[in-house]
>>> print(open('work_24.csv').read())   # CSV, C-alpha atoms and all ligand atoms
chain,number,residue,atom,x,y,z
U,748,MET,CA,157.7,-52.8,-61.0
U,749,ASP,CA,158.4,-51.1,-57.7
U,750,GLY,CA,155.4,-48.9,-58.0
U,751,LEU,CA,153.1,-51.9,-57.7
U,752,ASP,CA,152.9,-51.8,-53.9
U,753,ALA,CA,152.0,-48.1,-54.0
U,754,LEU,CA,149.4,-48.8,-56.6
U,755,LYS,CA,148.0,-51.6,-54.6
U,756,ALA,CA,147.8,-49.5,-51.4
U,757,LYS,CA,146.2,-46.6,-53.4
U,758,TYR,CA,143.4,-48.7,-54.8
U,759,LEU,CA,142.7,-50.8,-51.7
U,760,THR,CA,142.5,-47.6,-49.6
U,761,ALA,CA,140.2,-46.0,-52.2
U,762,VAL,CA,138.0,-49.0,-52.3
U,763,ALA,CA,137.8,-49.1,-48.5
U,764,ASN,CA,136.8,-45.5,-48.4
U,765,VAL,CA,134.3,-45.3,-51.3
U,766,ALA,CA,130.7,-44.7,-50.1
U,767,ASP,CA,128.5,-45.8,-52.9
U,768,GLU,CA,128.2,-48.1,-55.9
U,769,ALA,CA,128.8,-45.4,-58.4
U,770,GLY,CA,132.1,-44.4,-56.8
U,771,LEU,CA,133.1,-48.0,-56.7
U,772,GLU,CA,132.4,-48.4,-60.4
U,773,ASP,CA,134.6,-45.4,-61.1
U,774,LEU,CA,137.4,-47.0,-59.2
U,775,ARG,CA,137.0,-50.3,-61.2
U,776,VAL,CA,137.2,-48.4,-64.4
U,777,ALA,CA,140.2,-46.4,-63.3
U,778,ALA,CA,142.1,-49.6,-62.3
U,779,LEU,CA,140.9,-52.5,-64.4
U,780,GLY,CA,138.9,-50.8,-67.2
U,781,LYS,CA,140.2,-51.0,-70.7
U,782,LYS,CA,142.2,-47.8,-70.2
U,783,GLY,CA,142.8,-48.3,-66.5
U,784,GLU,CA,146.1,-48.2,-64.8
U,785,ILE,CA,146.6,-51.9,-64.3
U,786,SER,CA,145.4,-52.6,-67.8
U,787,ALA,CA,148.0,-50.1,-69.1
U,788,LEU,CA,150.8,-51.9,-67.2
U,789,MET,CA,149.6,-55.2,-68.6
U,790,SER,CA,149.8,-54.0,-72.1
U,791,GLY,CA,153.4,-52.7,-71.4
U,792,LEU,CA,154.4,-56.4,-70.8
U,793,GLY,CA,154.7,-56.9,-74.6
U,794,LYS,CA,157.7,-54.8,-74.8
U,795,MET,CA,159.7,-56.6,-72.1
U,796,GLU,CA,162.3,-59.3,-72.4
U,797,PRO,CA,160.8,-62.8,-72.0
U,798,ASP,CA,162.1,-63.6,-68.4
U,799,GLN,CA,161.3,-60.1,-67.2
U,800,ARG,CA,157.9,-60.4,-68.7
U,801,LYS,CA,157.2,-63.6,-66.9
U,802,ALA,CA,158.0,-62.2,-63.4
U,803,ALA,CA,156.2,-58.9,-64.0
U,804,GLY,CA,153.2,-60.6,-65.5
U,805,ALA,CA,152.8,-62.8,-62.5
U,806,MET,CA,153.0,-59.9,-60.1
U,807,LEU,CA,150.5,-57.9,-62.2
U,808,ASN,CA,148.1,-60.7,-62.2
U,809,VAL,CA,148.3,-61.1,-58.5
U,810,LEU,CA,147.7,-57.3,-58.1
U,811,LYS,CA,144.8,-57.4,-60.5
U,812,ASP,CA,143.2,-60.3,-58.7
U,813,GLU,CA,143.6,-58.5,-55.3
U,814,ILE,CA,142.0,-55.3,-56.5
U,815,ASP,CA,139.3,-57.2,-58.3
U,816,ALA,CA,138.5,-59.2,-55.1
U,817,ALA,CA,138.5,-56.0,-53.0
U,818,LEU,CA,136.1,-54.4,-55.5
U,819,ARG,CA,133.7,-57.4,-55.4
U,820,ALA,CA,133.7,-57.6,-51.6
U,821,LYS,CA,133.0,-53.9,-51.3
U,822,LYS,CA,130.2,-54.2,-53.9
U,823,ALA,CA,128.5,-56.9,-51.9
U,824,ALA,CA,128.9,-54.9,-48.7
U,825,LEU,CA,127.4,-51.8,-50.3
U,826,GLY,CA,124.5,-53.9,-51.6
U,827,ASP,CA,123.8,-55.3,-48.1
U,828,ALA,CA,124.0,-51.8,-46.6
U,829,ALA,CA,121.5,-50.5,-49.2
U,830,LEU,CA,119.1,-53.3,-48.5
U,831,ASN,CA,119.4,-52.8,-44.7
U,832,GLU,CA,118.8,-49.1,-45.2
U,833,ARG,CA,115.7,-49.9,-47.2
U,834,LEU,CA,114.4,-52.4,-44.7
U,835,ARG,CA,114.9,-49.9,-42.0
U,836,SER,CA,113.2,-47.0,-43.8
U,837,GLU,CA,110.3,-49.1,-45.1
U,838,TRP,CA,109.6,-50.7,-41.7
U,839,LEU,CA,106.0,-51.0,-40.9
U,840,ASP,CA,104.2,-52.1,-37.7
U,841,VAL,CA,101.9,-54.8,-38.9
U,842,THR,CA,100.5,-55.2,-35.4
U,843,MET,CA,99.0,-51.8,-35.4
U,844,PRO,CA,95.2,-51.7,-35.4
U,845,ALA,CA,93.7,-51.0,-38.9
U,846,ARG,CA,92.1,-47.7,-39.5
U,847,PRO,CA,88.9,-48.7,-41.2
U,848,ARG,CA,88.0,-46.5,-44.1
U,849,ARG,CA,84.5,-46.6,-45.6
U,850,VAL,CA,84.6,-47.2,-49.3
U,851,GLY,CA,81.1,-46.1,-50.2
U,852,SER,CA,78.2,-47.8,-48.5
U,853,ILE,CA,75.5,-50.4,-49.3
U,854,HIS,CA,72.0,-49.1,-49.8
U,855,PRO,CA,69.5,-50.6,-47.3
U,856,VAL,CA,67.5,-52.1,-50.1
U,857,SER,CA,70.6,-54.0,-51.4
U,858,GLN,CA,71.4,-55.0,-47.8
U,859,VAL,CA,67.9,-56.3,-47.3
U,860,MET,CA,68.0,-58.2,-50.6
U,861,GLU,CA,71.2,-59.9,-49.5
U,862,GLU,CA,69.7,-60.7,-46.2
U,863,LEU,CA,66.6,-62.3,-47.5
U,864,THR,CA,68.4,-64.1,-50.2
U,865,ALA,CA,70.7,-65.7,-47.5
U,866,ILE,CA,67.6,-66.7,-45.4
U,867,PHE,CA,65.7,-68.2,-48.3
U,868,ALA,CA,68.7,-69.9,-49.8
U,869,ASP,CA,69.1,-71.6,-46.4
U,870,MET,CA,65.6,-73.0,-46.9
U,871,GLY,CA,66.4,-74.3,-50.3
U,872,PHE,CA,65.1,-71.4,-52.5
U,873,ALA,CA,67.0,-70.4,-55.6
U,874,VAL,CA,67.0,-66.9,-57.0
U,875,ALA,CA,65.0,-66.4,-60.2
U,876,GLU,CA,64.8,-63.3,-62.4
U,877,GLY,CA,62.6,-61.7,-65.0
U,878,PRO,CA,62.6,-58.5,-67.1
U,879,GLN,CA,61.3,-55.2,-65.7
U,880,VAL,CA,59.7,-54.4,-69.1
U,881,GLU,CA,57.2,-57.2,-69.3
U,882,SER,CA,54.5,-58.3,-71.8
U,883,ASP,CA,51.0,-57.9,-70.5
U,884,TRP,CA,50.6,-61.6,-70.9
U,885,TYR,CA,53.2,-62.4,-68.2
U,886,ASN,CA,52.2,-59.5,-66.0
U,887,PHE,CA,48.5,-60.1,-66.2
U,888,ASP,CA,46.9,-62.8,-68.4
U,889,ALA,CA,49.1,-65.7,-67.3
U,890,LEU,CA,48.3,-64.6,-63.7
U,891,ASN,CA,44.6,-65.0,-64.3
U,892,ILE,CA,44.0,-61.3,-64.7
U,893,PRO,CA,42.2,-61.0,-68.0
U,894,PRO,CA,42.0,-57.7,-69.9
U,895,GLU,CA,38.6,-56.7,-68.4
U,896,HIS,CA,39.6,-57.6,-64.8
U,897,PRO,CA,39.4,-54.7,-62.3
U,898,ALA,CA,42.8,-55.7,-60.8
U,899,ARG,CA,44.4,-54.3,-64.0
U,900,GLN,CA,43.1,-50.8,-63.1
U,901,GLU,CA,44.1,-51.2,-59.4
U,902,HIS,CA,47.7,-51.7,-60.5
U,903,ASP,CA,48.2,-48.2,-61.8
U,904,THR,CA,50.3,-49.6,-64.7
U,905,PHE,CA,52.9,-47.7,-66.7
U,906,PHE,CA,52.5,-48.7,-70.3
U,907,MET,CA,55.3,-48.7,-72.9
U,908,ASN,CA,54.7,-47.1,-76.3
U,909,ARG,CA,54.2,-49.3,-79.4
U,910,ALA,CA,55.3,-48.1,-82.8
U,911,GLU,CA,52.6,-46.3,-84.8
U,912,GLY,CA,50.2,-48.7,-86.4
U,913,ASP,CA,51.3,-51.6,-84.1
U,914,ASP,CA,48.0,-52.8,-82.6
U,915,ARG,CA,49.4,-55.4,-80.2
U,916,PRO,CA,48.8,-54.7,-76.5
U,917,PRO,CA,51.6,-52.6,-75.1
U,918,HIS,CA,54.3,-53.9,-72.9
U,919,VAL,CA,54.2,-52.7,-69.3
U,920,LEU,CA,56.7,-51.9,-66.6
U,921,ARG,CA,56.0,-54.9,-64.4
U,922,THR,CA,53.6,-54.0,-61.6
U,923,HIS,CA,54.7,-56.9,-59.4
U,924,THR,CA,57.3,-59.7,-59.3
U,925,SER,CA,54.6,-62.3,-59.9
U,926,PRO,CA,55.3,-62.7,-63.6
U,927,VAL,CA,58.6,-64.3,-62.6
U,928,GLN,CA,56.4,-67.2,-61.2
U,929,ILE,CA,55.3,-67.9,-64.8
U,930,ARG,CA,58.8,-67.5,-66.2
U,931,ALA,CA,60.4,-69.7,-63.6
U,932,MET,CA,57.8,-72.5,-63.9
U,933,THR,CA,57.9,-72.4,-67.7
U,934,ALA,CA,61.7,-72.7,-67.6
U,935,GLN,CA,62.1,-75.3,-64.8
U,936,GLY,CA,58.7,-77.0,-64.4
U,937,ALA,CA,57.9,-78.6,-61.1
U,938,PRO,CA,58.9,-79.2,-58.4
U,939,ILE,CA,60.4,-75.7,-57.9
U,940,ARG,CA,61.4,-73.4,-55.1
U,941,VAL,CA,62.4,-69.9,-56.0
U,942,ILE,CA,62.4,-66.3,-54.8
U,943,ALA,CA,62.5,-63.4,-57.2
U,944,PRO,CA,63.6,-60.1,-55.8
U,945,GLY,CA,63.5,-57.0,-58.0
U,946,ARG,CA,62.1,-53.7,-59.1
U,947,VAL,CA,58.4,-53.1,-59.8
U,948,TYR,CA,56.5,-50.0,-60.9
U,949,ARG,CA,53.2,-48.4,-60.1
U,950,MET,CA,51.9,-44.8,-60.6
U,951,ASP,CA,51.9,-43.8,-57.0
U,952,MET,CA,53.8,-41.3,-54.9
U,953,ASP,CA,53.5,-40.4,-51.2
U,954,GLN,CA,55.3,-41.0,-47.9
U,955,THR,CA,55.0,-44.7,-48.2
U,956,HIS,CA,54.8,-45.1,-52.0
U,957,THR,CA,57.2,-44.4,-54.8
U,958,PRO,CA,56.6,-45.1,-58.6
U,959,MET,CA,59.5,-47.7,-58.5
U,960,PHE,CA,59.8,-50.0,-55.5
U,961,HIS,CA,61.1,-53.5,-54.7
U,962,GLN,CA,59.3,-56.8,-54.1
U,963,VAL,CA,60.4,-60.3,-53.5
U,964,GLU,CA,58.3,-63.0,-54.9
U,965,GLY,CA,58.3,-66.5,-53.3
U,966,LEU,CA,57.2,-69.7,-55.1
U,967,ALA,CA,57.2,-73.3,-53.8
U,968,ILE,CA,55.5,-76.0,-55.9
U,969,ASP,CA,55.6,-79.7,-55.1
U,970,ARG,CA,53.2,-82.6,-54.8
U,971,ASN,CA,51.7,-81.8,-51.4
U,972,ILE,CA,52.6,-78.3,-50.4
U,973,SER,CA,49.9,-76.6,-48.2
U,974,MET,CA,49.1,-73.3,-46.5
U,975,ALA,CA,50.8,-74.8,-43.4
U,976,ASN,CA,54.1,-74.9,-45.3
U,977,LEU,CA,53.5,-71.3,-46.3
U,978,LYS,CA,52.9,-70.2,-42.7
U,979,TRP,CA,56.0,-72.0,-41.4
U,980,THR,CA,58.2,-70.6,-44.2
U,981,LEU,CA,57.0,-67.0,-43.5
U,982,GLU,CA,57.4,-67.3,-39.8
U,983,GLU,CA,60.9,-68.7,-40.2
U,984,PHE,CA,61.7,-66.0,-42.6
U,985,CYS,CA,60.4,-63.2,-40.3
U,986,ARG,CA,62.2,-64.5,-37.2
U,987,ALA,CA,65.5,-64.7,-39.1
U,988,PHE,CA,65.0,-61.4,-40.9
U,989,PHE,CA,64.0,-59.3,-37.9
U,990,GLU,CA,66.6,-61.1,-35.8
U,991,VAL,CA,64.1,-61.8,-32.9
U,992,PRO,CA,63.5,-65.0,-30.9
U,993,SER,CA,59.9,-65.3,-32.1
U,994,VAL,CA,57.3,-63.6,-34.3
U,995,GLU,CA,53.6,-63.9,-34.6
U,996,LEU,CA,51.9,-63.7,-38.0
U,997,ARG,CA,48.2,-63.2,-38.7
U,998,PHE,CA,46.7,-64.5,-41.9
U,999,ARG,CA,43.7,-62.5,-43.1
U,1000,ALA,CA,41.5,-63.9,-45.9
U,1001,SER,CA,42.0,-61.8,-49.0
U,1002,HIS,CA,41.8,-62.0,-52.8
U,1003,PHE,CA,44.4,-62.1,-55.5
U,1004,PRO,CA,43.4,-63.5,-59.0
U,1005,PHE,CA,46.5,-65.7,-59.0
U,1006,THR,CA,46.1,-67.4,-55.7
U,1007,GLU,CA,43.2,-69.5,-54.2
U,1008,PRO,CA,42.8,-69.3,-51.3
U,1009,SER,CA,44.6,-65.9,-50.7
U,1010,ALA,CA,45.8,-64.3,-47.5
U,1011,GLU,CA,47.3,-61.1,-46.5
U,1012,VAL,CA,49.8,-61.5,-43.7
U,1013,ASP,CA,50.3,-59.1,-40.8
U,1014,ILE,CA,53.1,-59.3,-38.2
U,1015,ARG,CA,52.6,-58.5,-34.5
U,1016,CYS,CA,54.5,-55.3,-33.4
U,1017,SER,CA,54.4,-52.3,-31.2
U,1018,TRP,CA,55.2,-48.7,-31.8
U,1019,GLU,CA,55.9,-47.6,-28.2
U,1020,GLY,CA,57.7,-44.3,-28.0
U,1021,GLY,CA,57.9,-44.1,-31.8
U,1022,GLN,CA,60.2,-47.2,-31.7
U,1023,LEU,CA,59.0,-50.2,-33.7
U,1024,LYS,CA,59.3,-53.6,-32.0
U,1025,ILE,CA,58.7,-56.7,-34.0
U,1026,GLY,CA,57.2,-59.8,-32.2
U,1027,GLN,CA,55.5,-58.1,-29.3
U,1028,GLY,CA,52.8,-55.5,-28.6
U,1029,ASP,CA,49.2,-55.1,-29.8
U,1030,LYS,CA,49.6,-53.7,-33.2
U,1031,TRP,CA,49.5,-55.5,-36.6
U,1032,MET,CA,51.5,-54.5,-39.6
U,1033,GLU,CA,50.7,-55.8,-43.1
U,1034,ILE,CA,53.8,-57.1,-44.7
U,1035,LEU,CA,52.8,-59.3,-47.6
U,1036,GLY,CA,50.3,-61.0,-49.9
U,1037,SER,CA,50.2,-64.7,-50.4
U,1038,GLY,CA,48.1,-67.8,-51.2
U,1039,MET,CA,48.0,-71.2,-52.9
U,1040,VAL,CA,48.9,-70.8,-56.6
U,1041,HIS,CA,45.8,-70.8,-58.7
U,1042,PRO,CA,45.4,-73.9,-61.0
U,1043,LYS,CA,45.0,-71.5,-64.0
U,1044,VAL,CA,48.4,-70.0,-63.2
U,1045,LEU,CA,50.0,-73.4,-63.1
U,1046,ALA,CA,48.3,-74.3,-66.4
U,1047,ALA,CA,49.6,-71.0,-68.0
U,1048,ALA,CA,53.1,-72.1,-67.1
U,1049,GLY,CA,52.7,-75.6,-68.4
U,1050,VAL,CA,52.5,-77.3,-64.9
U,1051,ASN,CA,49.9,-80.0,-64.4
U,1052,ALA,CA,47.6,-78.8,-61.7
U,1053,ALA,CA,46.3,-82.3,-61.0
U,1054,GLU,CA,49.8,-83.3,-60.0
U,1055,TRP,CA,51.4,-80.2,-58.5
U,1056,GLN,CA,50.4,-77.5,-56.1
U,1057,GLY,CA,52.1,-74.9,-53.9
U,1058,PHE,CA,52.2,-71.4,-52.4
U,1059,ALA,CA,53.3,-68.0,-53.6
U,1060,PHE,CA,53.9,-64.8,-51.8
U,1061,GLY,CA,54.9,-61.2,-52.6
U,1062,MET,CA,56.5,-59.0,-50.1
U,1063,GLY,CA,57.6,-55.3,-50.3
U,1064,ILE,CA,61.4,-55.1,-49.8
U,1065,ASP,CA,61.5,-51.4,-49.1
U,1066,ARG,CA,58.8,-51.8,-46.5
U,1067,ILE,CA,60.5,-54.5,-44.5
U,1068,ALA,CA,63.8,-52.5,-44.8
U,1069,MET,CA,62.0,-49.5,-43.3
U,1070,LEU,CA,60.6,-51.7,-40.5
U,1071,LYS,CA,63.8,-53.4,-39.7
U,1072,TYR,CA,66.1,-50.4,-39.8
U,1073,GLY,CA,63.7,-47.7,-38.6
U,1074,ILE,CA,63.7,-45.6,-41.7
U,1075,PRO,CA,60.6,-43.3,-41.7
U,1076,ASP,CA,60.2,-42.0,-45.3
U,1077,LEU,CA,60.3,-44.3,-48.3
U,1078,ARG,CA,60.9,-41.4,-50.8
U,1079,ALA,CA,64.4,-40.8,-49.3
U,1080,PHE,CA,65.4,-44.3,-50.5
U,1081,PHE,CA,65.6,-43.1,-54.0
U,1082,GLU,CA,66.9,-39.5,-53.7
U,1083,SER,CA,70.6,-40.5,-53.7
U,1084,ASP,CA,71.3,-38.1,-50.9
U,1085,LEU,CA,74.8,-39.0,-49.7
U,1086,ARG,CA,74.1,-37.9,-46.2
U,1087,TRP,CA,71.2,-40.3,-46.1
U,1088,LEU,CA,73.2,-43.1,-47.6
U,1089,ARG,CA,76.0,-42.6,-45.1
U,1090,HIS,CA,73.5,-42.6,-42.2
U,1091,TYR,CA,71.4,-45.6,-43.3
U,1092,GLY,CA,74.0,-47.5,-45.5
U,1093,PHE,CA,76.0,-50.6,-44.6
U,1094,ALA,CA,79.7,-51.2,-44.7
U,1095,ALA,CA,80.6,-52.4,-48.2
U,1096,LEU,CA,82.6,-55.4,-47.2
U,1097,ASP,CA,80.2,-56.9,-44.6
U,1098,MET,CA,78.2,-59.4,-46.5
U,1099,PRO,CA,75.2,-60.7,-44.6
U,1100,ASP,CA,75.2,-64.4,-43.9
U,1101,LEU,CA,73.3,-66.5,-41.4
U,1102,ALA,CA,76.3,-67.8,-39.6
U,1103,GLY,CA,78.0,-64.4,-39.1
U,1104,GLY,CA,74.8,-62.5,-38.2
U,1105,LEU,CA,72.7,-60.8,-40.8
U,1106,SER,CA,73.1,-57.1,-39.9
U,1107,ALA,CA,76.0,-57.4,-37.5
E,1,LIG,N1,51.6,-59.7,-56.6
E,1,LIG,C1,50.9,-59.4,-55.4
E,1,LIG,C2,51.1,-57.9,-55.2
E,1,LIG,O1,51.9,-57.2,-55.8
E,1,LIG,C3,51.5,-60.1,-54.1
E,1,LIG,C4,51.3,-61.5,-54.2
E,1,LIG,C5,52.2,-62.4,-54.7
E,1,LIG,C6,50.1,-62.1,-53.6
E,1,LIG,C7,52.1,-63.7,-54.7
E,1,LIG,C8,49.9,-63.4,-53.6
E,1,LIG,C9,50.9,-64.3,-54.2
E,1,LIG,O2,50.3,-57.3,-54.4
>>> encode(input="work_24.csv", output="structure tokens")
Amino acid sequence: MDGLDALKAKYLTAVANVADEAGLEDLRVAALGKKGEISALMSGLGKMEPDQRKAAGAMLNVLKDEIDAALRAKKAALGDAALNERLRSEWLDVTMPARPRRVGSIHPVSQVMEELTAIFADMGFAVAEGPQVESDWYNFDALNIPPEHPARQEHDTFFMNRAEGDDRPPHVLRTHTSPVQIRAMTAQGAPIRVIAPGRVYRMDMDQTHTPMFHQVEGLAIDRNISMANLKWTLEEFCRAFFEVPSVELRFRASHFPFTEPSAEVDIRCSWEGGQLKIGQGDKWMEILGSGMVHPKVLAAAGVNAAEWQGFAFGMGIDRIAMLKYGIPDLRAFFESDLRWLRHYGFAALDMPDLAGGLSA
């Protein structure tokens, strides 16, 4: 057993010098594996005399344990080194300023819908919805626009086709968001406070009209809601929406079949140097139609007009988006031109909220 010291020196040196875990594993197999050198010596013990075997066995076991311990220690050291190397190479300076990357952009109409929803939500209005393909009852009759009423012609309605032989009146692409008044009151009754933003359709096309555009309907019904509440609500809305300290609104007597009395509302503004300013100047810009909900409209939605009353308004979303963000041509809104979207769009992760600033 004289060779044991040499064997020990050989393996301990090899273990000390090995550079990676694969090399270390080769050494383990060479020494302690089933056919390894130490294992071979162990199996030679069987042929020895009992007292010789005892001494040699003890020495071999010590050697085996020493080599095993050296292998384990080296393995742990190599593992640490690998981890340290990884930590060093994957190091990253988390204090570096972020490089903002635009992931698409939010269309001004979507942005404005989010903004006005935030403002009206703050005043206690919930969001209601209705279909864009609407029955003529919801779009017209229930809103006090009977078939022979001239307002039906003024709306330049798109009609859907009925199947051949089906004589019922055709469905229409809704010409305004007002049918959502009927749907919301029918579903929820009174009192109610809702806005209904969405798409509407009329056959019209020029610099300020597109066949599809967006409106937001407002509806507030309670026991004693008046025009004064309407005026305050609209002023609050305009101030918050246009992000100015004060606005001035002008109510002009008007006519809508579904409101009585009715008013169109203008906002004071100026166009000095081609730049629109809201809240000052000597120009007036029409921004919406409104009025007190007609008793017949309440009745059509199953609300008792002797008990409940309130206001409604309808406002063009694209129009107020153009005003607020200085966008000159409405048609470009719907042309899906990426250059236009990049120019007028909003960062995708900046949700408008009242506390954080609407368009900040
Ligand atoms: N529906 C009307 C329009 O499209 C606007 C409106 C809504 C007017 C509600 C009064 C009340 O022109």
>>> residues_around(input="work_24.csv", residues="U:Leu1101", least_positions_apart="5", cutoff="9 Å", atoms="all atoms listed in the file", output="list in words")
Glu862, Ala865, Ile866, Asp869 and Ala987 of chain U
>>> residues_around(input="work_24.csv", residues="U:Gln962", least_positions_apart="2", cutoff="6 Å", atoms="all atoms listed in the file", output="list in words")
Pro944, Gly945, Met1062, Gly1063 and Ile1064 of chain U
>>> write_last_selection(input="work_24.csv", atoms="C-alpha atoms", output="PDB file, in the coordinates of the input")
ATOM      1  CA  PRO U 944      63.600 -60.100 -55.800  1.00  0.00           C
ATOM      2  CA  GLY U 945      63.500 -57.000 -58.000  1.00  0.00           C
ATOM      3  CA  MET U1062      56.500 -59.000 -50.100  1.00  0.00           C
ATOM      4  CA  GLY U1063      57.600 -55.300 -50.300  1.00  0.00           C
ATOM      5  CA  ILE U1064      61.400 -55.100 -49.800  1.00  0.00           C
TER       6      ILE U1064
END
>>> residues_near_ligand(input="work_24.csv", ligand="ligand LIG 1 (chain E)", cutoff="7 Å", atoms="all atoms listed in the file", output="list in words")
Thr922, His923, Thr924, Ser925, Glu964, Gly965, Phe1003, Phe1005, Thr1006, Ser1009, Leu1035, Gly1036, Ser1037, Gly1038, Ala1059, Phe1060, Gly1061 and Met1062 of chain U
>>> atom_distance(input="work_24.csv", atom1="atom CA of U:Ala1047", atom2="atom CA of U:Phe960")
26.5 Å
>>> atom_distance(input="work_24.csv", atom1="atom CA of U:Lys811", atom2="atom CA of U:Asp798")
20.0 Å
>>> residues_around(input="work_24.csv", residues="U:Val1012", least_positions_apart="3", cutoff="6 Å", atoms="only C-alpha atoms", output="number ranges by chain")
U: 997-998, 1033, 1035
>>> atom_distance(input="work_24.csv", atom1="atom CA of U:Ala1053", atom2="atom CA of U:Lys978")
22.9 Å
>>> residues_around(input="work_24.csv", residues="U:Asp767", least_positions_apart="4", cutoff="10 Å", atoms="all atoms listed in the file", output="list of chain:residue names")
U:Leu771, U:Glu772, U:Lys821, U:Lys822, U:Leu825, U:Gly826, U:Ala828, U:Ala829
>>> write_last_selection(input="work_24.csv", atoms="C-alpha atoms", output="PDB file, keeping the file's coordinate frame")
ATOM      1  CA  LEU U 771     133.100 -48.000 -56.700  1.00  0.00           C
ATOM      2  CA  GLU U 772     132.400 -48.400 -60.400  1.00  0.00           C
ATOM      3  CA  LYS U 821     133.000 -53.900 -51.300  1.00  0.00           C
ATOM      4  CA  LYS U 822     130.200 -54.200 -53.900  1.00  0.00           C
ATOM      5  CA  LEU U 825     127.400 -51.800 -50.300  1.00  0.00           C
ATOM      6  CA  GLY U 826     124.500 -53.900 -51.600  1.00  0.00           C
ATOM      7  CA  ALA U 828     124.000 -51.800 -46.600  1.00  0.00           C
ATOM      8  CA  ALA U 829     121.500 -50.500 -49.200  1.00  0.00           C
TER       9      ALA U 829
END
>>> closest_residue(input="work_24.csv", among="U:Gly1049, U:Ala817, U:Asp840, U:Glu911", to="U:Val765", atoms="all atoms listed in the file")
U:Ala817
>>> closest_residue(input="work_24.csv", among="U:Gly1092, U:Pro893, U:Pro1008, U:Gly1021", to="U:Gln858", atoms="only C-alpha atoms")
U:Gly1092
>>> residues_around(input="work_24.csv", residues="U:His1041", least_positions_apart="2", cutoff="8 Å", atoms="all atoms listed in the file", output="list in words")
Pro1004, Phe1005, Thr1006, Glu1007, Met1039, Lys1043, Val1044 and Leu1045 of chain U
>>> write_last_selection(input="work_24.csv", atoms="C-alpha atoms", output="JSON list (two decimals), keeping the file's coordinate frame")
[["chain", "number", "residue", "atom", "x", "y", "z"],
["U", 1004, "PRO", "CA", 43.40, -63.50, -59.00],
["U", 1005, "PHE", "CA", 46.50, -65.70, -59.00],
["U", 1006, "THR", "CA", 46.10, -67.40, -55.70],
["U", 1007, "GLU", "CA", 43.20, -69.50, -54.20],
["U", 1039, "MET", "CA", 48.00, -71.20, -52.90],
["U", 1043, "LYS", "CA", 45.00, -71.50, -64.00],
["U", 1044, "VAL", "CA", 48.40, -70.00, -63.20],
["U", 1045, "LEU", "CA", 50.00, -73.40, -63.10]]
>>> closest_residue(input="work_24.csv", among="U:Val963, U:Val991, U:Ala875, U:Leu996", to="U:Ile939", atoms="only C-alpha atoms")
U:Ala875
>>> closest_residue(input="work_24.csv", among="U:Leu810, U:Leu1070, U:Leu792, U:Val859", to="U:Lys755", atoms="all atoms listed in the file")
U:Leu810
